[in-house]
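See below for start_39.csv, which holds CSV, C-alpha atoms.
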```
chain,number,residue,atom,x,y,z
A,142,MET,CA,31.5,-12.5,-36.3
A,143,GLY,CA,31.3,-9.9,-33.7
A,144,GLU,CA,29.6,-10.5,-30.4
A,145,ALA,CA,26.0,-9.6,-30.0
A,146,PRO,CA,25.4,-6.4,-28.0
A,147,ALA,CA,24.5,-7.0,-24.4
A,148,ARG,CA,20.8,-6.7,-23.7
A,149,ARG,CA,19.9,-3.8,-21.4
A,150,PRO,CA,17.6,-4.7,-18.6
A,151,GLY,CA,14.2,-3.1,-18.7
A,152,PRO,CA,12.9,-0.8,-16.0
A,153,ALA,CA,12.2,-2.3,-12.6
A,154,PRO,CA,8.6,-3.5,-12.4
A,155,LEU,CA,6.0,-2.4,-9.8
A,156,LEU,CA,4.6,-4.9,-7.3
A,157,ILE,CA,1.4,-3.8,-5.6
A,158,ALA,CA,0.6,-6.0,-2.6
A,159,CYS,CA,-2.9,-6.3,-1.0
A,160,ALA,CA,-4.4,-8.9,1.2
A,161,LEU,CA,-8.1,-9.3,0.2
A,162,GLY,CA,-9.9,-10.4,-2.9
A,163,ILE,CA,-12.1,-7.3,-2.8
A,164,GLU,CA,-8.9,-5.1,-2.6
A,165,ARG,CA,-7.4,-6.9,-5.6
A,166,LEU,CA,-10.7,-6.5,-7.5
A,167,ALA,CA,-10.7,-2.7,-6.9
A,168,LEU,CA,-7.1,-2.4,-8.1
A,169,ARG,CA,-7.7,-4.7,-11.2
A,170,THR,CA,-10.8,-2.7,-12.3
A,171,GLY,CA,-9.2,0.7,-11.7
A,172,ASP,CA,-7.5,3.0,-14.3
A,173,HIS,CA,-4.4,1.2,-15.6
A,174,GLY,CA,-3.6,3.8,-18.2
A,175,GLY,CA,-0.1,5.3,-17.9
A,176,ALA,CA,1.6,2.4,-16.1
A,177,PRO,CA,5.3,2.9,-16.6
A,178,GLY,CA,6.3,-0.7,-17.4
A,179,ALA,CA,5.3,-4.0,-15.9
A,180,MET,CA,2.9,-4.1,-12.9
A,181,THR,CA,1.8,-7.0,-10.8
A,182,VAL,CA,-1.0,-7.0,-8.3
A,183,LEU,CA,-0.3,-9.6,-5.7
A,184,ARG,CA,-2.9,-10.9,-3.3
A,185,THR,CA,-1.0,-12.0,-0.2
A,186,GLY,CA,-3.8,-13.3,2.0
A,187,MET,CA,-4.6,-11.8,5.4
A,188,GLY,CA,-2.1,-11.3,8.2
A,189,PRO,CA,1.6,-10.5,8.6
A,190,GLU,CA,2.8,-14.1,8.1
A,191,ASN,CA,1.0,-14.5,4.8
A,192,ALA,CA,2.2,-11.1,3.6
A,193,GLU,CA,5.8,-11.8,4.5
A,194,ARG,CA,5.7,-15.3,2.8
A,195,ALA,CA,4.0,-14.1,-0.3
A,196,VAL,CA,6.1,-11.0,-0.9
A,197,GLY,CA,9.3,-12.8,-0.1
A,198,GLY,CA,8.4,-15.5,-2.6
A,199,ALA,CA,7.5,-13.1,-5.3
A,200,LEU,CA,10.7,-11.1,-5.0
A,201,GLY,CA,13.0,-14.1,-4.5
A,202,SER,CA,13.8,-14.6,-8.2
A,203,GLY,CA,12.5,-14.0,-11.6
A,204,PRO,CA,11.1,-10.8,-13.2
A,205,LEU,CA,10.0,-9.2,-9.9
A,206,ARG,CA,13.4,-9.6,-8.2
A,207,ASP,CA,14.1,-5.8,-8.4
A,208,ALA,CA,10.5,-4.6,-8.2
A,209,ALA,CA,9.5,-1.5,-6.4
A,210,VAL,CA,6.9,-2.5,-3.8
A,211,LEU,CA,3.8,-0.7,-2.7
A,212,ALA,CA,1.5,-2.1,0.0
A,213,THR,CA,-2.1,-1.1,-0.2
A,214,GLY,CA,-5.7,-1.9,0.7
A,215,PHE,CA,-7.9,-1.0,3.6
A,216,CYS,CA,-7.0,0.0,7.1
A,217,ALA,CA,-8.4,1.2,10.4
A,218,GLY,CA,-8.0,4.8,11.2
A,219,LEU,CA,-6.9,5.6,14.7
A,220,ALA,CA,-7.2,9.4,15.0
A,221,PRO,CA,-10.4,11.2,15.9
A,222,GLY,CA,-11.9,12.9,12.8
A,223,MET,CA,-10.9,10.2,10.4
A,224,HIS,CA,-13.7,8.9,8.1
A,225,PRO,CA,-14.2,6.0,5.7
A,226,GLY,CA,-12.7,6.8,2.3
A,227,ASP,CA,-9.8,8.9,3.8
A,228,LEU,CA,-6.4,8.0,2.6
A,229,VAL,CA,-3.3,7.2,4.7
A,230,VAL,CA,0.2,7.6,3.2
A,231,ALA,CA,2.7,6.0,5.5
A,232,GLY,CA,5.9,7.9,6.4
A,233,GLU,CA,7.0,4.6,7.9
A,234,THR,CA,5.5,1.2,8.8
A,235,ARG,CA,6.0,-0.2,12.2
A,236,ASP,CA,5.5,-3.5,14.0
A,237,ALA,CA,7.1,-5.5,16.8
A,238,TYR,CA,10.1,-6.1,14.6
A,239,GLY,CA,11.0,-2.5,14.0
A,240,SER,CA,10.2,0.2,11.4
A,241,THR,CA,10.7,0.6,7.7
A,242,PRO,CA,11.0,4.1,6.2
A,243,CYS,CA,8.9,4.7,3.1
A,244,THR,CA,10.1,6.2,-0.2
A,245,GLY,CA,8.5,9.2,-1.9
A,246,THR,CA,5.8,10.0,0.7
A,247,GLU,CA,5.4,13.6,-0.3
A,248,LEU,CA,5.1,12.7,-4.0
A,249,LEU,CA,2.4,10.2,-3.2
A,250,VAL,CA,0.5,12.8,-1.1
A,251,GLU,CA,0.6,15.2,-4.0
A,252,GLU,CA,-0.5,12.7,-6.6
A,253,LEU,CA,-3.3,11.3,-4.5
A,254,ALA,CA,-4.6,14.8,-4.0
A,255,ARG,CA,-4.6,15.3,-7.8
A,256,ALA,CA,-6.2,11.9,-8.5
A,257,LEU,CA,-8.8,12.2,-5.8
A,258,PRO,CA,-9.6,15.9,-5.3
A,259,GLY,CA,-11.5,16.6,-2.1
A,260,ARG,CA,-10.4,13.4,-0.3
A,261,THR,CA,-8.5,13.9,2.9
A,262,VAL,CA,-5.0,12.5,2.9
A,263,HIS,CA,-3.3,11.7,6.2
A,264,THR,CA,0.4,11.2,6.6
A,265,GLY,CA,2.2,9.5,9.5
A,266,PRO,CA,3.3,6.1,10.9
A,267,LEU,CA,1.3,3.1,9.9
A,268,THR,CA,1.4,0.4,12.5
A,269,GLY,CA,0.9,-3.4,12.1
A,270,SER,CA,-1.2,-5.8,14.0
A,271,ASP,CA,-1.8,-9.6,13.8
A,272,HIS,CA,-5.5,-9.1,14.4
A,273,VAL,CA,-8.4,-6.8,13.7
A,274,VAL,CA,-8.2,-3.8,16.0
A,275,ARG,CA,-11.3,-2.5,17.6
A,276,GLY,CA,-12.5,-0.4,20.6
A,277,PRO,CA,-10.1,0.8,23.3
A,278,GLU,CA,-7.1,-0.8,21.5
A,279,ARG,CA,-7.3,1.9,19.0
A,280,GLY,CA,-6.5,4.5,21.6
A,281,ALA,CA,-3.5,2.5,22.8
A,282,LEU,CA,-2.0,2.4,19.3
A,283,LEU,CA,-2.8,6.1,18.7
A,284,ALA,CA,-0.8,6.9,21.9
A,285,THR,CA,2.3,5.4,20.2
A,286,GLY,CA,2.1,8.1,17.4
A,287,ALA,CA,0.6,5.8,14.8
A,288,ILE,CA,-2.3,7.2,12.7
A,289,ALA,CA,-3.7,4.0,11.3
A,290,VAL,CA,-3.3,0.2,11.6
A,291,ASP,CA,-3.5,-2.8,9.3
A,292,MET,CA,-2.2,-6.3,9.3
A,293,GLU,CA,0.0,-6.6,6.3
A,294,SER,CA,1.8,-3.3,5.4
A,295,ALA,CA,4.7,-3.6,7.9
A,296,ALA,CA,5.4,-7.2,7.0
A,297,THR,CA,5.2,-6.5,3.3
A,298,LEU,CA,7.7,-3.7,3.4
A,299,ARG,CA,10.0,-5.5,5.8
A,300,SER,CA,10.0,-8.5,3.6
A,301,ALA,CA,10.6,-6.3,0.5
A,302,VAL,CA,13.7,-4.5,1.8
A,303,ARG,CA,15.1,-7.8,3.2
A,304,ALA,CA,15.0,-9.1,-0.3
A,305,GLY,CA,17.1,-6.2,-1.7
A,306,ARG,CA,17.3,-2.5,-1.8
A,307,ARG,CA,14.3,-1.0,-3.6
A,308,PRO,CA,11.7,1.8,-3.3
A,309,VAL,CA,8.9,0.9,-0.9
A,310,ALA,CA,5.7,2.6,0.2
A,311,ALA,CA,2.4,2.0,1.8
A,312,VAL,CA,-1.0,3.7,1.0
A,313,ARG,CA,-4.1,2.6,2.7
A,314,VAL,CA,-7.8,3.6,2.5
A,315,VAL,CA,-9.6,4.0,5.8
A,316,VAL,CA,-12.5,1.6,5.9
A,317,ASP,CA,-13.4,2.2,9.5
A,318,ALA,CA,-12.5,4.7,12.2
A,319,PRO,CA,-13.1,5.3,15.9
A,320,GLN,CA,-16.6,6.7,15.2
A,321,HIS,CA,-17.4,4.5,12.2
A,322,GLU,CA,-16.5,0.9,13.0
A,323,LEU,CA,-17.6,-1.7,10.4
A,324,VAL,CA,-18.7,-5.2,10.9
A,325,ARG,CA,-18.1,-6.6,7.4
A,326,ILE,CA,-16.2,-4.8,4.6
A,327,GLY,CA,-18.3,-4.1,1.6
A,328,THR,CA,-21.7,-4.4,3.2
A,329,LEU,CA,-21.9,-0.9,4.7
A,330,ARG,CA,-21.6,2.5,3.3
A,331,GLY,CA,-18.0,3.0,4.6
A,332,GLY,CA,-16.8,-0.2,2.9
A,333,ILE,CA,-18.3,0.8,-0.4
A,334,SER,CA,-16.8,4.3,-0.2
A,335,ALA,CA,-13.3,2.8,0.6
A,336,PHE,CA,-13.7,0.4,-2.4
A,337,ARG,CA,-14.4,3.3,-4.8
A,338,VAL,CA,-11.4,5.2,-3.5
A,339,LEU,CA,-9.1,2.3,-3.9
A,340,ARG,CA,-10.2,1.9,-7.5
A,341,ALA,CA,-9.0,5.5,-8.1
A,342,VAL,CA,-5.5,5.4,-6.6
A,343,LEU,CA,-3.6,3.7,-9.5
A,344,PRO,CA,-2.6,6.9,-11.4
A,345,ALA,CA,-0.9,8.2,-8.2
A,346,PHE,CA,0.9,4.8,-7.7
A,347,PHE,CA,2.2,4.9,-11.3
A,348,GLU,CA,3.6,8.4,-10.8
A,349,TRP,CA,5.3,7.3,-7.7
A,350,HIS,CA,6.8,4.3,-9.6
A,351,ARG,CA,7.8,6.5,-12.5
A,352,SER,CA,9.7,8.8,-10.2
A,353,SER,CA,11.4,5.9,-8.5
A,354,LEU,CA,12.8,4.8,-11.9
A,355,LEU,CA,14.6,8.1,-12.3
A,356,PRO,CA,18.4,8.2,-11.8
A,357,ARG,CA,19.4,8.9,-8.2
A,358,ARG,CA,21.7,11.9,-7.6
```
Whole structure given in structure tokens:
Amino acid sequence: MGEAPARRPGPAPLLIACALGIERLALRTGDHGGAPGAMTVLRTGMGPENAERAVGGALGSGPLRDAAVLATGFCAGLAPGMHPGDLVVAGETRDAYGSTPCTGTELLVEELARALPGRTVHTGPLTGSDHVVRGPERGALLATGAIAVDMESAATLRSAVRAGRRPVAAVRVVVDAPQHELVRIGTLRGGISAFRVLRAVLPAFFEWHRSSLLPRR
């Protein structure tokens, strides 16, 4: 009897990492049509340590070992003129441990503009913090060149590339900005606007993932 043909591995899955239950709810109730293969939404918990631990564990073995990783959720805008519901596509993520370049930034900007016509999309460095940033601290972070801040994206992408070479990206929705600070997410107009935007981003994420599966030249 001849040997059975070797099984070809399926396409690399997509791991979408977020911190909060309300973020996961938005993603789970969004448009899942057109997903190119397996997708997992991972709630990491708040803060860089939780993000690093959760993503490292998810990618350590099993079906997500080779997954493309996209960090998402809400963020604080740093630049004047930003508004709740604006989108931030990171060119790189930064924190005290260094920076992680993102993959396919231009494609994400194009696809988000198509999925959410009329929404402003900002591109630039996304910096990390271990606490909620408010008041004058925003200006100090803006002076470093960052356009937005959150607590998990930098740790998520750093942990992802440490676990192996893969496409990584970060897309965040501005939930508050210098002139629009929120006290509690989801209770004010800005939080509701950001939630609705996050529900609509999945088609852009799927196009980014599909592109990342194409052969590299």
For this session: With only C-alpha atoms counted, which protein, DNA or RNA residues have an atom no more than 8 Å from (6.6, 0.2, -10.1) in the file frame? Please answer as a PyMOL selection string.
Result: chain A and resi 153-157+177-180+208-211+346-347+349-351+353-354
Problem set entry | Shell of 8 Å around A:Thr297, all atoms listed in the file, local chain residues under 2 positions omitted, as a list in words |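 That gives Ala158, Pro189, Ala192, Glu193, Val196, Ala212, Glu293, Ser294, Ala295, Arg299, Ser300 and Ala301 of chain A.
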For this session: Would you mind telling me which residue in A:Gly232, A:Gly245, A:Gly265, A:Gly218 lies nearest to A:Ala289 when using all atoms listed in the file?
Result: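 Of A:Gly232, A:Gly245, A:Gly265, A:Gly218, the one nearest A:Ala289 is A:Gly218, counting all atoms listed in the file.
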Exercise. Which one of A:Val314, A:Ala335, A:Leu161, A:Val302 sits closest to A:Arg184 if you count all atoms listed in the file?
Worked result: A:Leu161
Exercise. Counting all atoms listed in the file, what is within 12 Å of A:Glu247, bar same-chain residues fewer than 5 positions away, as a ChimeraX atom specification?
Worked result: /A:229-232,252-254,262-265,310,312,345,348-349,352
